[in-house]
Each structure stands twice: as structure tokens, then as C-alpha cells.
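> Quick one: the structure is below, questions incoming.
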Amino acid sequence: MSTVEDQVEVAPAVPDDAPRPIERAGLLARLTVSIIPPLMLGALVVAGWYAVSYLLLDPKRRFLLKPPHEVVQNGFLNWSALSEMLSALWSSTKVAMIGLVIAIAIGFVLAIIMSQARTIERAVFPFMVTLQAIPILAIVPLISFWWGTGQRSRVIVCVIIALFPIIVNTLFGLQSAERGMHDLFTLHHASRATRLRKLMFPAALPAIFAGLRISAGLSVIGAIVGDFFFGRGDVGIGQVLKKYSSQLMGEELFAAVLLSSALGVTVFLTFGWIQTLAIGKWHETSGGRP
Amino acid sequence: MLYGNAVAAISSGTHRLGSQTYVPSTPYVLMTAVDAAFEATSAAGAALAFDRTQMVFPDGTEAVREVSFSVHRGEFVTIVGPSGCGKSTLLKIASGLLDATAGSVRVDRDRLGYVFQDATLLPWRTVLGNVELIAELHGIEKSERRRLALEAIDTVGLSGFVNHYPRSLSGGMRMRASLARTLTLKPPVFLFDEPFGAVDEITREHLNEETQRLFQQEGFAGLFITHSISEAVYMSTRVLVMSARPGRIVAEFEVPFSYPRNPELRFDPEFARLSGEISHALRGSHS
């Protein structure tokens, strides 16, 4: 009899259902596994590049694809070219980030309003989809027509291109809190604002970050596209690309393309990192896997 | 130990059910539609009282028909019934999540404990943060709600896991955190909506003992919903059997065992006999 009672007493104190510790062994092995395959593919691509430059292209037409070492020499190791590209890249980065911040602000406000009233959601959503469906190149002339070809127009391109994923993901996230959790807040007479702040917004964070990563990448594209078409204001990487292509500066053009891509990757990784910092502790699939 | 002639009759004679008349033919008393006069007297002073509660959903589905019963403090009442018979609907009506289409419910909704089917923990909050939530929603000051939360966490034996996030807890531990959350404000009425349906058998037994201990300690009025007859008998002072949709209370059993009950009770012949009778009543309610 006493043993049974002991079990009753012991059961709550020593949970038999304690969680298993997360396995941490083999970090180096896992790194090796994840680094070697992309390195090998990279080597193959460079080898293929050389093959095209030297074997496939006639020497007279080699300017179409200069071999990798010449791109490095003339593009990256030539300071005057590199500094021109970097300052242009920095200008485009600023444009992209300003556009992204504005898109986030507008997107959050719209998504929150839409989450509070179905009617507003139904009214606004078709227009969001329509706006999203317009190819960005189609509205560039319109933007230059209304706002000129300066920095402001570049930012507007970024906002337009980055807005949609933020709205859609934020709205989806705000609506993702479970029914039971909503019931819990209802039972305890939570106000609209409390429900939004303590339930809907935190529940939305994983989706918001997913949207942010997409939008950040799109904003970079927007900045480059905008810059490509708008000549006034600071010279961005789009203008530089345009100049190199019109002057047949193959090595520099290649270097500028690689730098643009590096910017996109950096932005993507940065937001993945911020996501891990913000919600990595509790959200399962968060983390900066590109 | 002797439990005597266990099953207590709560009312006698014949009962109306629609236009039919039943004469009880089994040892227990088959309760078809509860005599309103009888309930009116027993409902006085009850912590929770349903009075001819009815629920018809907008699509015409009649979930609950003419349900009357009451639960006093110190009583642990369990409703068993087939799935979809409107058991959970009753709890939703009691808590105000749904409005009954007819009849009434009397309960103090400001101090109501509701344990959900799932643990419904907020994944972005630690165990402590989750348990603090209800006090927080009631505007209780920070140091006080922390004290209440830590006390409740201690009561359910999760003290070592205060700073863990729900994703690193097992199903049973999440359920305990959920219990602790409900405990913080010491509600006089506890509603349990099939809370242990999703955990394994052994964890479920632990949680049953846990809940029973809380019941003894706090002396709340408990209304528990389950599919499991053995869980119902093990936990309750009274078991109500609900029929298939539209849900009605078709039988009522007093459970004579005294608390604290130990897990061995499940193998007691008297326990088996009572379970058998409830099972019989349940099967009767299907046809």
C-alpha cells in the first residue's frame, strides 16, 4: 500500500517524460558535409568557365567571356574600377534598405488593418494582387513621369516591389494563431490591442520573417532595376552595369554582376541571422539556411 | 475495503423523455430528462448550474437538448459520451465562448478555469511566461503574478522547467504547464475539455493523479469531459452519461470511492462493476 502511495507522491516530482537533450556531436563533420559539395560544384563551374573562354570561344570573340583570372585582375584588383563599383553598390544598398523600411511600415499597417476586419481584407486584397501582378518594368516609365529620375523614384520602385510579400506574409501570420489560443484570450476578456500584441503579433513573427527575407532580396533587385533606368542622383550599381555593358568592359561587368549577387546574398543571410536572434529560441524551423 | 452498495440513486420513478416514458429496468437509475423541480433545489448554491440548456447551431444541428445539472464546490463531475455528442459544447456554453440558444447557465465567469483539449501554450513564451499569462490578462501586477505563477508551477512539479520553451517539453509536461496556468488565479470552477486525450496511457494516469491531487487541495467544482470510462470513474464524485447528438444527460452515477484514490483502484471489482454499468448506459444511449 505504501509503495503505491509513494509512486503517487513521486510522479509529479520526477517527470518520466523529461525532454531528450539535443544532440550536439559531430559539428565539424556536419560542417564538412555541408561545405565540400558546394566547393566542388564551384570548382566545376570555374573549370567550365575556363573551358568556354579558351576552348569554345575564338580569341577574337573572347571578350564575351573573359577567363576568371582576368575578371579578378581587372574587376576586383583594379582599385579605380573596384572603388567605383563599391560606392555604387553602397548607394544601391541604401536605396534598397530605405525602400524596404518604408515597405515594412506600410505593409505592417495594411496587414494589421486587414487582420482586424474581414471586409477591409476583402476590399484591399484584389488591389494588392493587381499591383503585384504589374511587371516592375512596366511602371518604371510611369514613376519617372511622376517623380522624376532621382533617388526618390529608385526608392519607390523598391517599395512597390517589396511590399506584397510583406503584406501577404504578415497577414497570414496574424491569422495563424490557433483557435484554442484565441479562446483563451476571449475567456479572459482580452482587448483587441492586447490580443494583437500578445497573441497575433508574436504568432505572426515566423511568417513575417519569411516575408522579410523575400522582400529584402526583391528590394535589392528593385534598387538595381530602378538605378538602371533612372540617371539622376547618386550613381548606383545599375548605372555602373549599364556603363560597363555599353562600353564592352567585360571583366568589370562580370565583377559588378558578382558584387550585386553578393549584396543579395548578404541581405538574405543578414535577415536569416536576425530571424534566428529574434525567434530562434522558440521557433523550430527558423534559422539562416540560405 | 468495502464500498457498500455502491451506486446511489439520485432520483427515482419514471422520467419523461420527449413523449416516451421509461421505467428503469437496470440496477442503476436511468435518468432520461432531469426533473426540473429536483434540479432547481439541488442547483441552489451550486458553483455551476445548467438549467434546461439547449444549443442549436445556425446550420440547424441540435448539439445539446434540455440539459440540466449542477456542480457544487468539492464535486468532480465527469461527462462521458460518444464523440460529437455536444460534451465540449456544454463547456463552451458554460464559459461563454458560445451562447446557448435556450435555457440558462449560472456560473461566475470572471473566475473560471478552463483546461483545453490541447495545452495551448504560447510557443514564444517560456513555461513561466505561459503560466503568468492569465494573471497578466487580468492586470495583476508583475511581482504578484510571478509569485502566483511560480507557486502554480511548483504545484504541478515543473519547477525545474521554468525557463523552458514549450517545444522542448513532452506532451505530458505541456499539459501540466497548461494546468498550472489555469491554477494561477485559483478558480472555484474548473472546466476540463478532454484534456488528456492526446497523451499516452502512462502519462495520462500521472496527469489523472495530478488533477485529483489538485482537486483535493483546491476543493474546486470540477466539470470534466472525457471519452474514457475508466478515467471518469477514477476521477469523479459523479459521472453523467450523455447521449449521441442531440446530447442529453441519460444516466447519472454516484462514485462511492473516497479520496485520495490510488491507482490500484482501477483493478478493484467494484470499480469494474461501476465501469461496466456506465459502459452499458453509454451503449444504451447510442441506440
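In the C-alpha cells, chains take letters A, B, ... by order of appearance, with residues numbered from 1 within each chain and ligands from 1 in the order shown.
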Taking only C-alpha atoms into account, find every residue of chain B that has an atom no more than 6 Å from chain A, and write it out as a ChimeraX atom specification.

/B:120,124,157,169-170

> Please list as a count of residues only every residue within 12 Å of region 121-126 of chain A, counting only C-alpha atoms and excluding residues in the same chain fewer than 5 positions away.

16

> Mind checking which residues fall within 10 Å of Val95 (chain A), counting only C-alpha atoms, ignoring those fewer than 6 positions away in the same chain, and posting them as a list in words?

Leu89, Gln151, Arg152, Ser153, Arg154, Val155, Ile156, Val157, Cys158, Val159, Ser219, Val220, Gly222, Ala223, Ile224, Gly226, Asp227, Asp234 and Gly236 of chain A

> I'd like the interatomic distance between CA of Asp118 (chain B) and CA of Pro187 (chain B), to a tenth of an Å.

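Interatomic distance, CA of Asp118 (chain B) to CA of Pro187 (chain B): 19.5 Å.
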
> When distances are computed from only C-alpha atoms, which of A:Ser260, A:Ser80, A:Ser34, A:Asn169 shows the smallest separation from Gly217 (chain A)?

A:Ser260

> Per DSSP on the backbone, filter region 30-151 of chain B down to the residues in alpha helix (DSSP H) and report them as a VMD selection string.

chain B and resid 36 to 43 87 to 95 127 to 137 142 to 151
